[in-house]
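Student: First, the structure itself, so that you have it in front of you.
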There are 2 protein chains.
Amino acid sequence: MIKYSNGLTYKKSQTKVSSNKVAFSFSSANRGMALEEDIIQSNEYYLRNNMALIYKRPTPIQVVKVDYEKGPRITEAYFSEKSTTDFNGVYQGRYIDIEAKSTQSKTSFPLSNITKKQFEHLSNVIKLGGLAFFIVEFAKLQRTFIVEAKQVIEFKNNEERRSIPVSCFEEIGREIKRGFSPRLDYLSYVDEIHRNS
Amino acid sequence: MIKYSNGLTYKKSQTKVSSNKVAFSFSSANRGMALEEDIIQSNEYYLRNNMALIYKRPTPIQVVKVDYEKGPRITEAYFSEKSTTDFNGVYQGRYIDIEAKSTQSKTSFPLSNITKKQFEHLSNVIKLGGLAFFIVEFAKLQRTFIVEAKQVIEFKNNEERRSIPVSCFEEIGREIKRGFSPRLDYLSYVDEIHRNS
């Protein structure tokens with residue numbers, strides 16, 4: 001079992017994995033990885049259509065031992081805590097940074113899902129003029145929202161509650177409609193949010 | 001021995017390594033890692049001074065086997081070929097992408113140091129309005145240049161020679177003066193190059 005910072009746990013199904021991805025058996029409750037896959041597929045669509053270049057950051061891995069006789073082959077390493085976010089890239093010349101989160105809650109998104117380092121990173125991006133967003137999925141409601149990181153930071157700093165209610169996402173964010181290609185057309189909302197902010 | 005895509009080889013000195021960095025014994029000939037460290041130190045300076053947020057991308061690692069009983073602990077993995085570049089981030093709201101290369105040649109920089117995927121990646125960045133640069137060090141000359149990726153791509157497409165002479169860098173790039181903090185103040189040239197391009 002791997003416990004992710006988003007509070008989800010995954011059971012392993014295989015030990016053979018590739019391309020920095022780990023293959024897990026999904027139950028309907030384990031949607032965090034599915035959200036990531038939907039965003040990656042959408043990013044591939046955006047690149048094919050010359051709209052944006054947005055990459056998944058490689059999972060940070062702490063390498064402890066390397067066998068230089070065979071390759072080199074890494075023989076001991078660990079998944080590290082993320083100090084940044086899931087995705088970044090270029091959109092209309094601008095820097096864009098996105099963190100994707102999935103929650104099992106039906107009512108609100110717990111801010112404890114976002115690490116202190118991630119808040120710091122996103123604050124820096126905003127300060128330096130970059131675009132910064134969260135994509136938040138309420139897995140059991142099958143609803144996904146995009147919201148400016150700025151709004152989430154303001155909520156954290158000004159509100160007493162430690163979780164953002166779904167109704168608040170309806171107000172400060174936009175619900176992303178699901179499609180075939182791209183599966184999650186979040187970029188259309190980036191324009192809209194940005195025009196109005 | 002590790003053979004890097006930039007043609008340098010490093011001898012291992014230790015098997016204990018940390019933070020995704022591998023510790024090597026440096027000879028004066030092995031300056032590729034030193035260049036990277038200089039850029040990382042400069043980026044830390046830029047962030048402290050609210051000038052830019054530019055990160056080293058994690059080394060892509062292909063995970064093959066994970067032992068879930070202990071951690072999870074990665075027990076077999078390999079360094080993957082890079083499909084993107086060394087650094088990216090945000091500068092004045094814009095996306096910036098940088099590839100750093102060090103060469104042992106005293107006369108010219110071989111274009112074979114840059115992979116096809118890296119050329120594709122940088123072409124995409126430019127097409128989408130991002131800033132894209134190479135920082136090229138002639139280690140034995142102790143000279144380091146910053147040059148727009150666009151210029152390198154044009155050289156590759158239009159010139160017959162498969163390496164860029166030092167004299168050409170003097171023309172299409174800027175030589176970066178070395179200092180104490182930041183050690184390699186490349187960002188000041190980004191403005192200058194951009195104003196004139």
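Just remember, in the structure tokens the first chain shown is A, the second B, etc., residues are 1-based per chain, and ligands are 1-based in the order shown.
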Please list as a list in words every residue within 10 Å of Phe155 (chain A), counting only C-alpha atoms and excluding residues in the same chain fewer than 6 positions away.
Tutor: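 Residues near the query, excluding close chain neighbours: Leu111, Ala149, Arg161, Arg162, Ser163, Ile164, Cys168 and Ile172 of chain A.
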Student: Would you list the contacts of Glu137 (chain B) as a list of chain:residue names, taking every protein, DNA or RNA residue within 9 Å and counting only C-alpha atoms, but skipping same-chain residues closer than 2 positions in sequence?
Tutor: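 Everything that qualifies: B:Arg31, B:Gly32, B:Leu35, B:Ala100, B:Lys101, B:Ser102, B:Thr103, B:Gln104, B:Phe109, B:Ile135, B:Ala139, B:Lys140, B:Leu141, B:Gln142, B:Arg143, B:Thr144, B:Phe145, B:Ile146.
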Student: Could you write out, as a VMD selection string, all the residues of chain A that DSSP marks as strand (DSSP E or B)?
Tutor: chain A and resid 2 to 3 9 to 12 18 21 24 to 25 52 to 56 61 to 67 73 to 79 87 to 91 94 to 103 108 to 110 131 to 138 143 to 148 163 to 165 174 to 175 178 184
Student: Identify all residues of region 123-195 of chain B in helix (DSSP H, G or I) (DSSP on the backbone) and supply them as a ChimeraX atom specification.
Tutor: /B:123-127,139-141,149-158,166-172,187-195
Student: Write out as JSON, numbers by chain which residues come within 10 Å of Asn88 (chain B) when counting only C-alpha atoms, dropping same-chain ones fewer than 5 positions away.
Tutor: {"A": [88, 89, 90, 95], "B": [53, 54, 55, 56, 57, 95, 96, 97, 98, 99, 131, 132]}
Student: Residues as selected, C-alpha atoms, written as a CSV table (one decimal), in the first residue's frame, can you do that?
Tutor:
chain,number,residue,atom,x,y,z
A,88,ASN,CA,4.0,23.2,-15.5
A,89,GLY,CA,4.5,24.7,-18.9
A,90,VAL,CA,3.9,27.4,-21.4
A,95,TYR,CA,4.3,30.3,-17.4
B,53,LEU,CA,11.7,31.1,-10.2
B,54,ILE,CA,13.7,28.6,-12.2
B,55,TYR,CA,14.0,25.0,-11.3
B,56,LYS,CA,16.2,22.1,-12.2
B,57,ARG,CA,13.9,19.4,-13.6
B,95,TYR,CA,7.8,30.8,-19.4
B,96,ILE,CA,11.5,30.3,-19.7
B,97,ASP,CA,13.3,27.1,-20.6
B,98,ILE,CA,17.1,26.5,-20.5
B,99,GLU,CA,19.4,23.7,-21.5
B,131,LEU,CA,11.7,32.1,-23.9
B,132,ALA,CA,14.3,29.4,-24.7
